[in-house]
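Participant: Mind looking over this structure? Questions follow.
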Amino acid sequence: MTGRDLRALFSTNDRQLGADEAFTNRQGQWQTFAAALAEHLQHVAEPGFDVEDLEAPRRNVLVFHGVGGIGKSTLSRKLEAALAGSGQRPDQWGEPAWPPGRILPVRIDLARSAGTDFERVVLTIRLALAELGRPLPAFDLALRRYWEHNHPGEPLEDYLHRGGLAGRFGKALPQQMQSALGDVAQALLLPGTVGTVVGQVTGSLARALRERRQSVRALAGCARLADLLEAEPDLDALSYYPHLLAWELTQLPTGKSVVPVVLLDTFEETGDRTHRDLERLLQRVVWLMPNAFFVVTGRSRLQWGDAALEGQLDWTGPAAWPGLAAHDIPHARTTLTAAANDRGQQVLIGDFSPEDCDDYLARRLSHNSQPLISEEVRQVITNRSHGLPLYLDLSVMRFLEIRRTGRSPEPADFDHEFPALIARTLSDLTPQERHVLRSVALLDAFDLPLATRAAGMTHEAAALRLTERPFIRENAFGLWPFHLHGLIRSTLRAADDHTDDRWSPRDWQQAAERAFAALGEQLTTGAPPGRMLLVGCLRQGLALARDFRLELGWLTEATWKYVGDSVWEPLAPPAQPDPSVNGLETAADALVEMLSALARRQHEHRERTADRLAAVVATSWLPTELHEMAVYYLAKAQRDLGRSADSRRGMQLVADGGGRLAPAARRGLAHLARFAGDFPTALAAARTLGWAGRHHRIEGDVRWPQGDMDRAAAAYEAARTEAEEHGVAGERATSQAQRAFVLAFTDPARADDELDLAEQLLSGLDLRATALTTKIAALVRDAGTTVEVADRAQALRIEISVAGLASVEATLELALCFHHAVRDDHEGIAASIGRLRELTSNGDYAYYTDIAHFMAGLPLPDGAGSGAQWIGGEGPPRVRWRGLVMSRRRYLSSVR
C-alpha cells in the first residue's frame with residue numbers, strides 16, 4: 001500500500017527517484033477492527049436494539065493507542081480508505097465480512113494543526129451523511145437554529161467553502177437543510193419566506209410535537225426532539241444533537257441504511273487530565289450515537305472506563321464502557337492471535353518487526369524499481385529503530401540529506417540519534433512528567449517509588465501518570481514492572497536535546513546520583529531482599545556508577561552478597577570491549593570489569609578470565625577488600641590453568657591480608673597442596689578452615705584420591721548440609737556433584753539418584769566446572785559397559801578444552817583409566833596413562849598416574865611414581881583403587 005511521499009520528492013532533484021509512503025502490515029490491528037465492527041453491526045441489527053436507550057452500556061468505540069510516530073495516523077487513514085472501497089486496502093487484510101455500501105467512513109483529524117473544533121466535528125459527520133441524498137429533518141432543523149443563533153449573518157455555505165469542507169463532501173448539506181425547513185414549514189402551514197422564519201418553524205414544531213399533532217407524525221417518534229428545539233442553542237446543546245442524527249439513521253429505508261464509522265485521530269490533542277471540555281463534548285457524540293462505530297487513535301488509552309473520572313465526564317466507569325475498563329487493556333503489543341481473541345476495546349499498537357522495518361525501507365525509496373537504500377544500511381537503521389516507524393521515516397530523510405551532498409550514504413551514517421524523537425515524545429507531557437521521563441531514562445526498569453526517588457520528587461503522582469503513557473511498557477511479572485521504550489530511552493540519553501526544558505550535564509549527573517541512591521535504598525530495605533533484587537540492583541547500579549563515575553557506595557556490600565552464593569548470573573552492563581585499549585579509569589570501571597569477568601568465566605576460556613582479572617588488579621582502582629577479591633579469583637583462574645606458582649602467590653597474599661576472603665584463600669592453598677600430592681598438609685588445613693573455608697569439601701577432596709570413597713562421600717554430604725543451612729546454593733550444588741562423583745565408583749545404582757539430585761541443585765545456576773563434574777560422574781557410573789563411554793569422553797574433552805579447565809581434563813582421563821581397568825583393556829590403560837603424564841607434566845595432579853597404576857594392578861614406574869605423600873602410605877590407596885575395579889567387574893557380571 002503506497003501513496004506519494006511529497007516531502008521526499010521535494011528533497012531531491014533526481015526525477016528518477018521513486019518515493020512512496022509505504023504502509024507495512026498492521027494486519028493484527030485490521031483483524032481487531034474488523035472483528036469489533038462485525039460485532040457492532042450484529043448488535044445494532046438485533047431486534048432489541050434501541051437507539052434512544054440512553055442507559056445501556058456502550059461498546060461502539062475501539063481505541064488504538066501508542067507512542068508518537070508508531071503509525072496511528074497512517075493506520076487511521078488506511079482504515080478510512082479500506083472502508084471507502086477505494087481499492088487501497090492491503091491484500092493481506094483480506095476481504096471485509098460486511099456487505100459493500102453499508103459502511104460510511106468519516107475521518108476527523110483532531111490535531112491542532114488541522115484547526116478542528118467541536119462545531120467542525122459535528123458538521124463533518126453530518127456532511128458525510130449528506131451523500132445519502134436526503135434531508136435528516138430532526139437534526140437539520142436543530143442545526144439550522146444553532147447556526148443562525150451563533151453565526152448571525154454568516155451563511156453555512158460560505159463557512160463550508162472557507163473551511164474546505166464543501167470541497168471534501170460536496171455542497172448538498174445547505175440544500176438538504178433548506179429542504180427540511182421548507183417541508184416542516186409546509187406541514188405546519190406556516191406563512192412567509194422559509195429562510196426568515198427558522199425560529200418560528202422550530203418553535204411551532206416543538207409545540208406541535210408536544211400537542212402530538214398528526215401533521216408532524218413523521219418526527220413525533222423522536223422523543224427528545226422538542227426538548228432540544230426548546231433548549232438554548234449553545235455549544236452544550238449542539239453536543240446533544242448527535243442523538244438526533246442517530247435517530248434519523250434508524251428512519252432510513254432498509255435499502256438506504258448505513259452505519260457510520262467515525263475515525264477520530266490525534267485524540268491526545270483534545271485536552272489533558274485537567275481540561276476535558278472538548279473530550280466531554282466528543283464523549284457525548286459517541287454515547288448518543290450508539291448505532292455509529294468510533295475508532296479513536298491517540299497516544300494514550302481512553303480513561304472513560306475508569307470510575308474515578310465520575311463528574312469530569314458524563315458517562316464513566318466499567319458499567320458504562322465495559323470494553324474500556326482498565327482490566328481489559330492488553331499490556332503487550334497486539335499479535336495476530338491477541339487481535340483475534342482480545343475482547344477489550346483498547347489496543348496498544350506495537351512496533352514493527354525487523355522484517356516489516358526492512359520492507360518499509362526497501363519500498364520507501366526506489367530507483368529504476370530497485371530499493372535505493374542498500375541492504376546494509378537498511379539493517380543498521382532497522383537495528384537502531386527498535387521497530388519505531390518514526391525513526392524509519394527520519395532515517396529516510398537523513399538518507400536523502402546525505403545523498404544531496406554527492407556522497408553515497410554508508411551504514412556508519414545511521415549510528416545516529418534524532419532529537420525530533422524527543423520533541424514528539426515530550427509534546428503532550430506536563431513539566432513534571434517530562435522530568436520523571438528523563439530520570440527513568442537512566443534506568444533499565446523501574447517502579448513508582450524508584451521513579452519518584454530518581455526524579456527527586458516527594459509525590460508519586462507524576463510517575464503514576466507517566467506509567468499510563470504508551471511509551472512505558474509494563475511487565476507485571478518483572479522485579480520492576482515498567483521500562484521505557486528502547487529507542488526513546490537511548491535518544492533521550494544520547495541526542496542533542498534542544499527542547500526548552502532540556503537538561504544540562506549537571507542535571508543528568510544529579511539524576512544519576514539520585515537513581516543510584518534509590519537503588520541502594522531498595523536493596524537494603526527490600527522485603528525480602530532476595531537474590532533477584534540483589535542482581536537487579538547490581539545490574540542497574542553498575543551501569544550508573546560506570547557511566548557517571550560515581551563512588552561505589554552500596555555496590556561494595558552488594559558485590560560481596562553476589563559473590564557469596566557462587567551462582568554467577570550474568571550482569572549488565574557488559575564489560576569494556578578491551579580494557580587494555582580503552583583503559584579502566586575509575587573504581588566503577590574496574591568493578592564492572594571484575595564482576596563481568598567472574599560471571600563470564602563460566603562461558604569463557606580461563607585464559608581470558610585471567611587476562612581480564614589481571615588488568616583489574618593492575619589498576620589498583622578498587623578498595624582493598626574488593627582488590628583482594630580480584631586477586632583471589634585471578635589466583636583461582638591461574639590454578640585452573642595449571643599456573644600453580646602464580647596461584648599460590650595470589651592466595652597467600654589474600655590469606656595474609658586477613659580480609660573476608662582469607663578463609664577461601666587458605667582453602668585455595670589447601671587445594672594447591674592437594675594438587676601437589678601433599679595430602680597430609682591439605683587434610684590438616686581442612687581441619688582448621690571451618691565453614692568459611694569449606695572444610696568438609698576440602699576433606700572430601702583429600703579422601704577420594706586415597707580411594708576412601710565412603711569417608712569422602714560422608715564429607716561431601718556434610719558439606720552439602722552445611723551449605724543448605726547457610727543458604728549458599730552454589731556450594732550446595734558443588735558438594736552434591738562431588739558426592740555423586742565418588743559414589744559413582746562404588747555403587748552405580750545409587751549414583752543415579754545422587755546425579756539426579758545434583759542436576760536438580762544445578763538448575764538455574766551457572767557453574768561450568770561443577771556441571772562438568774556431573775558429566776564425568778556419569779561416565780564413571782557407566783565404566784566397564786559399552787554405553788559409548790569413549791565417544792562421550794571425547795565430546796567432554798572438547799568441552800573442557802574450550803573452558804580451559806586443565807584439572808578437569810585430568811580427572812576425565814582418570815575416569816577413562818577406571819573404565820579401561822574394569823574392562824582389562826591394557827592398550828586403553830597405557831594410552832590413558834600416557835595422556836595423564838602429559839596433562840600433569842607441571843606437577844599438579846601427578847599422583848593421578850599413580851592411581852591409574854593402582855587401578856590396573858601395575859607397579860609404579862621406577863618404583864617411586866609421583867612422590868605423592870599418601871595418607872597412611874602408598875599401600876592403602878593401592879588396595880582400595882584395585883578393589884574398586886574388581887568390585888565393578890563383579891557388579892557387571894551380576895547384572896548381565
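Chain lettering (A, B, ...) mirrors the order of the C-alpha cells, residue numbering begins at 1 for each chain separately, and ligand numbering begins at 1 in order of display.
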Tell me, as number ranges by chain, which residues lie within 10 Å of segment 827-836 of chain A, counting only C-alpha atoms; anything in the same chain fewer than 6 positions away does not count.
Facilitator: A: 809-821, 845-853, 855-856
Participant: Write out as a PyMOL selection string the set of residues from segment 226-427 of chain A that DSSP, computed on the backbone, places in strand (DSSP E).
Facilitator: chain A and resi 259-265+293-298+346-348+365-367+370-371
Participant: For the residues selected in the previous step, produce a file with all heavy atoms as a short mmCIF file (atom, residue, chain, number, x, y, z; two decimals), in the first residue's frame.
Facilitator:
data_model
loop_
_atom_site.label_atom_id
_atom_site.label_comp_id
_atom_site.auth_asym_id
_atom_site.auth_seq_id
_atom_site.Cartn_x
_atom_site.Cartn_y
_atom_site.Cartn_z
N VAL A 259 -24.13 2.49 8.28
CA VAL A 259 -23.54 2.58 9.62
C VAL A 259 -22.29 3.45 9.51
O VAL A 259 -21.32 3.07 8.86
CB VAL A 259 -23.16 1.19 10.16
CG1 VAL A 259 -22.41 1.32 11.49
CG2 VAL A 259 -24.40 0.33 10.32
N PRO A 260 -22.33 4.64 10.10
CA PRO A 260 -21.13 5.49 10.06
C PRO A 260 -20.00 4.89 10.90
O PRO A 260 -20.23 4.40 12.01
CB PRO A 260 -21.60 6.82 10.66
CG PRO A 260 -23.09 6.76 10.66
CD PRO A 260 -23.44 5.31 10.77
N VAL A 261 -18.81 4.93 10.37
CA VAL A 261 -17.60 4.59 11.12
C VAL A 261 -16.79 5.87 11.22
O VAL A 261 -16.23 6.34 10.23
CB VAL A 261 -16.79 3.48 10.44
CG1 VAL A 261 -15.48 3.23 11.20
CG2 VAL A 261 -17.59 2.19 10.39
N VAL A 262 -16.79 6.46 12.41
CA VAL A 262 -16.15 7.75 12.61
C VAL A 262 -14.76 7.52 13.19
O VAL A 262 -14.62 6.94 14.29
CB VAL A 262 -16.99 8.63 13.57
CG1 VAL A 262 -16.34 10.00 13.74
CG2 VAL A 262 -18.42 8.75 13.06
N LEU A 263 -13.74 7.94 12.47
CA LEU A 263 -12.36 7.74 12.88
C LEU A 263 -11.83 9.06 13.46
O LEU A 263 -11.64 10.04 12.72
CB LEU A 263 -11.49 7.28 11.71
CG LEU A 263 -11.95 5.97 11.06
CD1 LEU A 263 -12.47 6.24 9.64
CD2 LEU A 263 -10.83 4.95 11.01
N LEU A 264 -11.64 9.11 14.76
CA LEU A 264 -11.17 10.30 15.46
C LEU A 264 -9.66 10.15 15.70
O LEU A 264 -9.23 9.38 16.57
CB LEU A 264 -11.91 10.48 16.78
CG LEU A 264 -13.43 10.64 16.68
CD1 LEU A 264 -14.06 10.67 18.07
CD2 LEU A 264 -13.79 11.90 15.90
N ASP A 265 -8.86 10.87 14.94
CA ASP A 265 -7.40 10.73 15.01
C ASP A 265 -6.80 11.83 15.89
O ASP A 265 -7.39 12.90 16.05
CB ASP A 265 -6.81 10.78 13.60
CG ASP A 265 -5.35 10.38 13.57
OD1 ASP A 265 -4.93 9.63 14.48
OD2 ASP A 265 -4.63 10.83 12.67
N PHE A 293 -20.08 3.57 14.78
CA PHE A 293 -18.90 2.93 15.35
C PHE A 293 -17.75 3.92 15.30
O PHE A 293 -17.48 4.54 14.26
CB PHE A 293 -18.54 1.67 14.58
CG PHE A 293 -17.49 0.83 15.25
CD1 PHE A 293 -17.78 0.13 16.40
CD2 PHE A 293 -16.21 0.75 14.73
CE1 PHE A 293 -16.82 -0.64 17.03
CE2 PHE A 293 -15.24 -0.01 15.35
CZ PHE A 293 -15.54 -0.71 16.51
N PHE A 294 -17.06 4.10 16.41
CA PHE A 294 -16.00 5.10 16.52
C PHE A 294 -14.65 4.42 16.72
O PHE A 294 -14.52 3.50 17.54
CB PHE A 294 -16.28 6.04 17.70
CG PHE A 294 -17.49 6.92 17.50
CD1 PHE A 294 -18.76 6.43 17.76
CD2 PHE A 294 -17.36 8.21 17.02
CE1 PHE A 294 -19.88 7.22 17.56
CE2 PHE A 294 -18.48 9.01 16.81
CZ PHE A 294 -19.74 8.51 17.08
N VAL A 295 -13.68 4.88 15.96
CA VAL A 295 -12.31 4.38 16.08
C VAL A 295 -11.44 5.55 16.51
O VAL A 295 -11.26 6.51 15.75
CB VAL A 295 -11.80 3.78 14.76
CG1 VAL A 295 -10.37 3.28 14.94
CG2 VAL A 295 -12.71 2.66 14.29
N VAL A 296 -10.91 5.48 17.71
CA VAL A 296 -10.09 6.54 18.28
C VAL A 296 -8.62 6.14 18.19
O VAL A 296 -8.25 5.03 18.60
CB VAL A 296 -10.48 6.81 19.75
CG1 VAL A 296 -9.52 7.79 20.40
CG2 VAL A 296 -11.91 7.32 19.83
N THR A 297 -7.81 7.02 17.64
CA THR A 297 -6.36 6.79 17.62
C THR A 297 -5.68 7.94 18.35
O THR A 297 -5.97 9.10 18.09
CB THR A 297 -5.82 6.68 16.18
OG1 THR A 297 -6.38 7.73 15.37
CG2 THR A 297 -6.19 5.36 15.57
N GLY A 298 -4.79 7.60 19.27
CA GLY A 298 -4.11 8.63 20.05
C GLY A 298 -2.97 8.02 20.83
O GLY A 298 -2.71 6.82 20.78
N GLN A 346 -9.37 -1.49 23.84
CA GLN A 346 -8.21 -0.61 23.81
C GLN A 346 -7.00 -1.44 23.43
O GLN A 346 -6.67 -2.41 24.12
CB GLN A 346 -8.01 0.04 25.18
CG GLN A 346 -9.26 0.75 25.69
CD GLN A 346 -8.96 2.11 26.27
OE1 GLN A 346 -8.26 2.90 25.64
NE2 GLN A 346 -9.50 2.40 27.42
N VAL A 347 -6.34 -1.08 22.36
CA VAL A 347 -5.27 -1.89 21.80
C VAL A 347 -4.01 -1.03 21.68
O VAL A 347 -4.03 0.02 21.05
CB VAL A 347 -5.65 -2.44 20.41
CG1 VAL A 347 -4.51 -3.26 19.84
CG2 VAL A 347 -6.91 -3.28 20.52
N LEU A 348 -2.94 -1.50 22.31
CA LEU A 348 -1.65 -0.84 22.20
C LEU A 348 -1.01 -1.24 20.88
O LEU A 348 -0.80 -2.43 20.63
CB LEU A 348 -0.76 -1.22 23.37
CG LEU A 348 0.66 -0.66 23.36
CD1 LEU A 348 0.63 0.86 23.47
CD2 LEU A 348 1.47 -1.25 24.50
N LEU A 365 11.95 4.26 -0.77
CA LEU A 365 12.69 4.95 -1.84
C LEU A 365 13.15 3.92 -2.86
O LEU A 365 13.67 2.86 -2.49
CB LEU A 365 13.91 5.68 -1.26
CG LEU A 365 13.65 6.80 -0.25
CD1 LEU A 365 14.97 7.35 0.28
CD2 LEU A 365 12.81 7.92 -0.86
N SER A 366 12.96 4.24 -4.13
CA SER A 366 13.38 3.31 -5.17
C SER A 366 14.00 4.07 -6.33
O SER A 366 13.78 5.27 -6.50
CB SER A 366 12.18 2.48 -5.67
OG SER A 366 11.19 3.34 -6.22
N HIS A 367 14.77 3.35 -7.12
CA HIS A 367 15.40 3.91 -8.31
C HIS A 367 15.40 2.81 -9.36
O HIS A 367 15.95 1.74 -9.14
CB HIS A 367 16.83 4.36 -8.01
CG HIS A 367 17.37 5.35 -9.02
ND1 HIS A 367 17.91 4.97 -10.21
CD2 HIS A 367 17.42 6.70 -8.99
CE1 HIS A 367 18.29 6.04 -10.88
NE2 HIS A 367 18.01 7.12 -10.16
N GLN A 370 14.19 -0.49 -8.13
CA GLN A 370 15.01 -1.20 -7.17
C GLN A 370 15.15 -0.37 -5.90
O GLN A 370 15.16 0.86 -5.96
CB GLN A 370 16.40 -1.49 -7.76
CG GLN A 370 16.39 -2.43 -8.96
CD GLN A 370 15.85 -3.80 -8.61
OE1 GLN A 370 16.21 -4.37 -7.58
NE2 GLN A 370 14.97 -4.33 -9.46
N PRO A 371 15.25 -1.02 -4.73
CA PRO A 371 15.41 -0.25 -3.49
C PRO A 371 16.63 0.65 -3.55
O PRO A 371 17.72 0.21 -3.92
CB PRO A 371 15.56 -1.34 -2.42
CG PRO A 371 14.94 -2.56 -3.00
CD PRO A 371 15.19 -2.48 -4.48
#
Participant: Please return as an mmCIF file with N, CA and C atoms, in the first residue's frame: the residues of segment 627-708 of chain A that backbone DSSP assigns to alpha helix (DSSP H).
Facilitator:
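For reference, out.cif as written:
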data_model
loop_
_atom_site.group_PDB
_atom_site.id
_atom_site.type_symbol
_atom_site.label_atom_id
_atom_site.label_comp_id
_atom_site.auth_asym_id
_atom_site.auth_seq_id
_atom_site.Cartn_x
_atom_site.Cartn_y
_atom_site.Cartn_z
ATOM 1 N N HIS A 627 39.819 -5.279 45.918
ATOM 2 C CA HIS A 627 41.072 -5.602 45.227
ATOM 3 C C HIS A 627 41.495 -7.032 45.573
ATOM 4 N N GLU A 628 41.363 -7.414 46.862
ATOM 5 C CA GLU A 628 41.704 -8.781 47.260
ATOM 6 C C GLU A 628 40.779 -9.790 46.584
ATOM 7 N N MET A 629 39.523 -9.388 46.347
ATOM 8 C CA MET A 629 38.616 -10.282 45.640
ATOM 9 C C MET A 629 39.134 -10.552 44.230
ATOM 10 N N ALA A 630 39.574 -9.496 43.537
ATOM 11 C CA ALA A 630 40.108 -9.676 42.184
ATOM 12 C C ALA A 630 41.348 -10.556 42.205
ATOM 13 N N VAL A 631 42.214 -10.349 43.211
ATOM 14 C CA VAL A 631 43.429 -11.160 43.321
ATOM 15 C C VAL A 631 43.074 -12.629 43.567
ATOM 16 N N TYR A 632 42.097 -12.862 44.443
ATOM 17 C CA TYR A 632 41.712 -14.236 44.774
ATOM 18 C C TYR A 632 41.177 -14.970 43.545
ATOM 19 N N TYR A 633 40.263 -14.341 42.811
ATOM 20 C CA TYR A 633 39.690 -15.028 41.653
ATOM 21 C C TYR A 633 40.683 -15.127 40.500
ATOM 22 N N LEU A 634 41.632 -14.201 40.437
ATOM 23 C CA LEU A 634 42.720 -14.363 39.476
ATOM 24 C C LEU A 634 43.549 -15.595 39.836
ATOM 25 N N ALA A 635 43.801 -15.756 41.136
ATOM 26 C CA ALA A 635 44.564 -16.937 41.576
ATOM 27 C C ALA A 635 43.801 -18.222 41.272
ATOM 28 N N LYS A 636 42.469 -18.208 41.414
ATOM 29 C CA LYS A 636 41.683 -19.391 41.073
ATOM 30 C C LYS A 636 41.793 -19.714 39.592
ATOM 31 N N ALA A 637 41.718 -18.669 38.740
ATOM 32 C CA ALA A 637 41.828 -18.895 37.297
ATOM 33 C C ALA A 637 43.205 -19.438 36.948
ATOM 34 N N GLN A 638 44.239 -18.885 37.600
ATOM 35 C CA GLN A 638 45.593 -19.381 37.351
ATOM 36 C C GLN A 638 45.724 -20.840 37.781
ATOM 37 N N ARG A 639 45.081 -21.201 38.903
ATOM 38 C CA ARG A 639 45.114 -22.590 39.360
ATOM 39 C C ARG A 639 44.461 -23.507 38.331
ATOM 40 N N ASP A 640 43.296 -23.066 37.777
ATOM 41 C CA ASP A 640 42.616 -23.879 36.767
ATOM 42 C C ASP A 640 43.458 -24.043 35.513
ATOM 43 N N SER A 644 50.365 -23.017 39.025
ATOM 44 C CA SER A 644 50.260 -23.168 40.472
ATOM 45 C C SER A 644 51.108 -22.163 41.233
ATOM 46 N N ALA A 645 52.299 -21.859 40.736
ATOM 47 C CA ALA A 645 53.165 -20.915 41.452
ATOM 48 C C ALA A 645 52.514 -19.533 41.518
ATOM 49 N N ASP A 646 51.979 -19.064 40.378
ATOM 50 C CA ASP A 646 51.294 -17.764 40.380
ATOM 51 C C ASP A 646 50.072 -17.804 41.285
ATOM 52 N N SER A 647 49.334 -18.906 41.215
ATOM 53 C CA SER A 647 48.139 -19.034 42.033
ATOM 54 C C SER A 647 48.496 -19.015 43.513
ATOM 55 N N ARG A 648 49.584 -19.700 43.879
ATOM 56 C CA ARG A 648 49.976 -19.772 45.289
ATOM 57 C C ARG A 648 50.337 -18.385 45.815
ATOM 58 N N ARG A 649 51.017 -17.574 44.995
ATOM 59 C CA ARG A 649 51.380 -16.225 45.435
ATOM 60 C C ARG A 649 50.128 -15.380 45.696
ATOM 61 N N GLY A 650 49.146 -15.478 44.777
ATOM 62 C CA GLY A 650 47.919 -14.701 44.964
ATOM 63 C C GLY A 650 47.132 -15.158 46.182
ATOM 64 N N MET A 651 47.011 -16.468 46.359
ATOM 65 C CA MET A 651 46.270 -16.987 47.506
ATOM 66 C C MET A 651 46.951 -16.588 48.812
ATOM 67 N N GLN A 652 48.264 -16.652 48.843
ATOM 68 C CA GLN A 652 48.994 -16.295 50.066
ATOM 69 C C GLN A 652 48.815 -14.817 50.392
ATOM 70 N N LEU A 653 48.799 -13.967 49.358
ATOM 71 C CA LEU A 653 48.603 -12.534 49.565
ATOM 72 C C LEU A 653 47.248 -12.267 50.220
ATOM 73 N N VAL A 654 46.205 -12.931 49.709
ATOM 74 C CA VAL A 654 44.863 -12.727 50.263
ATOM 75 C C VAL A 654 44.757 -13.331 51.658
ATOM 76 N N ALA A 655 45.336 -14.494 51.853
ATOM 77 C CA ALA A 655 45.287 -15.123 53.179
ATOM 78 C C ALA A 655 45.993 -14.264 54.220
ATOM 79 N N ASP A 656 47.137 -13.690 53.859
ATOM 80 C CA ASP A 656 47.889 -12.839 54.790
ATOM 81 C C ASP A 656 47.141 -11.543 55.085
ATOM 82 N N GLY A 657 46.268 -11.108 54.144
ATOM 83 C CA GLY A 657 45.532 -9.859 54.349
ATOM 84 C C GLY A 657 44.481 -9.961 55.430
ATOM 85 N N ALA A 662 40.023 -14.345 53.247
ATOM 86 C CA ALA A 662 41.187 -15.055 53.790
ATOM 87 C C ALA A 662 40.891 -16.542 54.001
ATOM 88 N N PRO A 663 39.708 -16.925 54.545
ATOM 89 C CA PRO A 663 39.435 -18.377 54.668
ATOM 90 C C PRO A 663 39.392 -19.073 53.311
ATOM 91 N N ALA A 664 38.818 -18.414 52.317
ATOM 92 C CA ALA A 664 38.766 -19.013 50.984
ATOM 93 C C ALA A 664 40.158 -19.143 50.409
ATOM 94 N N ALA A 665 41.006 -18.147 50.670
ATOM 95 C CA ALA A 665 42.377 -18.218 50.167
ATOM 96 C C ALA A 665 43.136 -19.352 50.853
ATOM 97 N N ARG A 666 42.917 -19.532 52.174
ATOM 98 C CA ARG A 666 43.553 -20.662 52.856
ATOM 99 C C ARG A 666 43.042 -21.979 52.289
ATOM 100 N N ARG A 667 41.762 -22.008 51.924
ATOM 101 C CA ARG A 667 41.235 -23.192 51.238
ATOM 102 C C ARG A 667 41.959 -23.390 49.911
ATOM 103 N N GLY A 668 42.184 -22.278 49.185
ATOM 104 C CA GLY A 668 42.907 -22.377 47.931
ATOM 105 C C GLY A 668 44.308 -22.918 48.105
ATOM 106 N N LEU A 669 44.975 -22.516 49.201
ATOM 107 C CA LEU A 669 46.311 -23.047 49.470
ATOM 108 C C LEU A 669 46.244 -24.536 49.781
ATOM 109 N N ALA A 670 45.178 -24.937 50.475
ATOM 110 C CA ALA A 670 44.998 -26.369 50.746
ATOM 111 C C ALA A 670 44.795 -27.135 49.441
ATOM 112 N N HIS A 671 44.011 -26.555 48.527
ATOM 113 C CA HIS A 671 43.823 -27.194 47.220
ATOM 114 C C HIS A 671 45.168 -27.344 46.508
ATOM 115 N N LEU A 672 45.976 -26.292 46.551
ATOM 116 C CA LEU A 672 47.267 -26.343 45.855
ATOM 117 C C LEU A 672 48.175 -27.407 46.464
ATOM 118 N N ALA A 673 48.104 -27.555 47.808
ATOM 119 C CA ALA A 673 48.873 -28.630 48.441
ATOM 120 C C ALA A 673 48.380 -29.989 47.948
ATOM 121 N N ARG A 674 47.070 -30.129 47.825
ATOM 122 C CA ARG A 674 46.496 -31.392 47.323
ATOM 123 C C ARG A 674 46.918 -31.626 45.886
ATOM 124 N N PHE A 675 46.895 -30.571 45.058
ATOM 125 C CA PHE A 675 47.307 -30.734 43.667
ATOM 126 C C PHE A 675 48.738 -31.290 43.593
ATOM 127 N N PHE A 679 49.049 -34.558 50.664
ATOM 128 C CA PHE A 679 47.743 -34.805 51.277
ATOM 129 C C PHE A 679 47.724 -34.539 52.784
ATOM 130 N N PRO A 680 48.730 -34.874 53.535
ATOM 131 C CA PRO A 680 48.683 -34.573 54.977
ATOM 132 C C PRO A 680 48.535 -33.079 55.253
ATOM 133 N N THR A 681 49.244 -32.258 54.515
ATOM 134 C CA THR A 681 49.128 -30.809 54.723
ATOM 135 C C THR A 681 47.725 -30.337 54.377
ATOM 136 N N ALA A 682 47.174 -30.827 53.271
ATOM 137 C CA ALA A 682 45.838 -30.425 52.858
ATOM 138 C C ALA A 682 44.802 -30.851 53.886
ATOM 139 N N LEU A 683 44.941 -32.069 54.410
ATOM 140 C CA LEU A 683 43.968 -32.553 55.386
ATOM 141 C C LEU A 683 44.074 -31.778 56.693
ATOM 142 N N ALA A 684 45.279 -31.471 57.105
ATOM 143 C CA ALA A 684 45.465 -30.690 58.334
ATOM 144 C C ALA A 684 44.858 -29.303 58.179
ATOM 145 N N ALA A 685 45.027 -28.709 56.985
ATOM 146 C CA ALA A 685 44.450 -27.384 56.748
ATOM 147 C C ALA A 685 42.935 -27.442 56.780
ATOM 148 N N ALA A 686 42.361 -28.495 56.228
ATOM 149 C CA ALA A 686 40.896 -28.619 56.190
ATOM 150 C C ALA A 686 40.318 -28.574 57.591
ATOM 151 N N ARG A 687 41.026 -29.155 58.568
ATOM 152 C CA ARG A 687 40.502 -29.216 59.932
ATOM 153 C C ARG A 687 40.540 -27.860 60.627
ATOM 154 N N THR A 688 41.192 -26.889 60.025
ATOM 155 C CA THR A 688 41.281 -25.549 60.633
ATOM 156 C C THR A 688 40.446 -24.513 59.900
ATOM 157 N N LEU A 689 39.867 -24.872 58.754
ATOM 158 C CA LEU A 689 39.231 -23.868 57.887
ATOM 159 C C LEU A 689 37.830 -23.478 58.334
ATOM 160 N N HIS A 695 35.518 -26.575 54.941
ATOM 161 C CA HIS A 695 36.366 -27.635 55.482
ATOM 162 C C HIS A 695 35.908 -29.024 55.092
ATOM 163 N N HIS A 696 34.590 -29.270 55.082
ATOM 164 C CA HIS A 696 34.115 -30.617 54.739
ATOM 165 C C HIS A 696 34.428 -30.966 53.289
ATOM 166 N N ARG A 697 34.258 -29.992 52.395
ATOM 167 C CA ARG A 697 34.531 -30.295 50.982
ATOM 168 C C ARG A 697 36.023 -30.544 50.767
ATOM 169 N N ILE A 698 36.863 -29.770 51.463
ATOM 170 C CA ILE A 698 38.303 -29.996 51.334
ATOM 171 C C ILE A 698 38.661 -31.410 51.815
ATOM 172 N N GLU A 699 38.038 -31.833 52.907
ATOM 173 C CA GLU A 699 38.313 -33.183 53.389
ATOM 174 C C GLU A 699 37.899 -34.225 52.353
ATOM 175 N N GLY A 700 36.722 -34.037 51.748
ATOM 176 C CA GLY A 700 36.297 -34.978 50.715
ATOM 177 C C GLY A 700 37.254 -35.006 49.544
ATOM 178 N N ASP A 701 37.773 -33.809 49.176
ATOM 179 C CA ASP A 701 38.715 -33.731 48.052
ATOM 180 C C ASP A 701 40.016 -34.482 48.359
ATOM 181 N N VAL A 702 40.385 -34.556 49.650
ATOM 182 C CA VAL A 702 41.600 -35.289 50.032
ATOM 183 C C VAL A 702 41.316 -36.789 50.127
ATOM 184 N N ARG A 703 40.126 -37.165 50.605
ATOM 185 C CA ARG A 703 39.815 -38.566 50.867
ATOM 186 C C ARG A 703 39.675 -39.390 49.593
#
Participant: Residues within 6 Å of segment 274-287 of chain A, please, as JSON, numbers by chain. Count only C-alpha atoms; anything in the same chain fewer than 3 positions from it doesn't count.
Facilitator: {"A": [239, 242, 270, 271, 290, 313]}
Participant: Please provide the set of residues having any atom within 8 Å of segment 149-165 of chain A, restricted to only C-alpha atoms, with same-chain residues fewer than 2 positions apart removed, written as number ranges by chain.
Facilitator: A: 124, 127, 145-147, 167-171, 174, 233-234
Participant: Kindly give the distance, in Å, that separates atom CA of Val808 of chain A and atom CA of Val742 of chain A, rounded to a single decimal.
Facilitator: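 Straight-line distance from atom CA of Val808 of chain A to atom CA of Val742 of chain A works out to 14.6 Å.
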Participant: Distance atom CA of Leu555 of chain A-atom CA of Pro623 of chain A, one decimal place?
Facilitator: 11.6 Å
Participant: If we count only C-alpha atoms, what is near Trp304 of chain A at a cut-off of 8 Å, once residues fewer than 2 positions away on the same chain are taken out, given as a VMD selection string?
Facilitator: chain A and resid 302 306 to 307 309 313 315 to 317 321 324 to 325
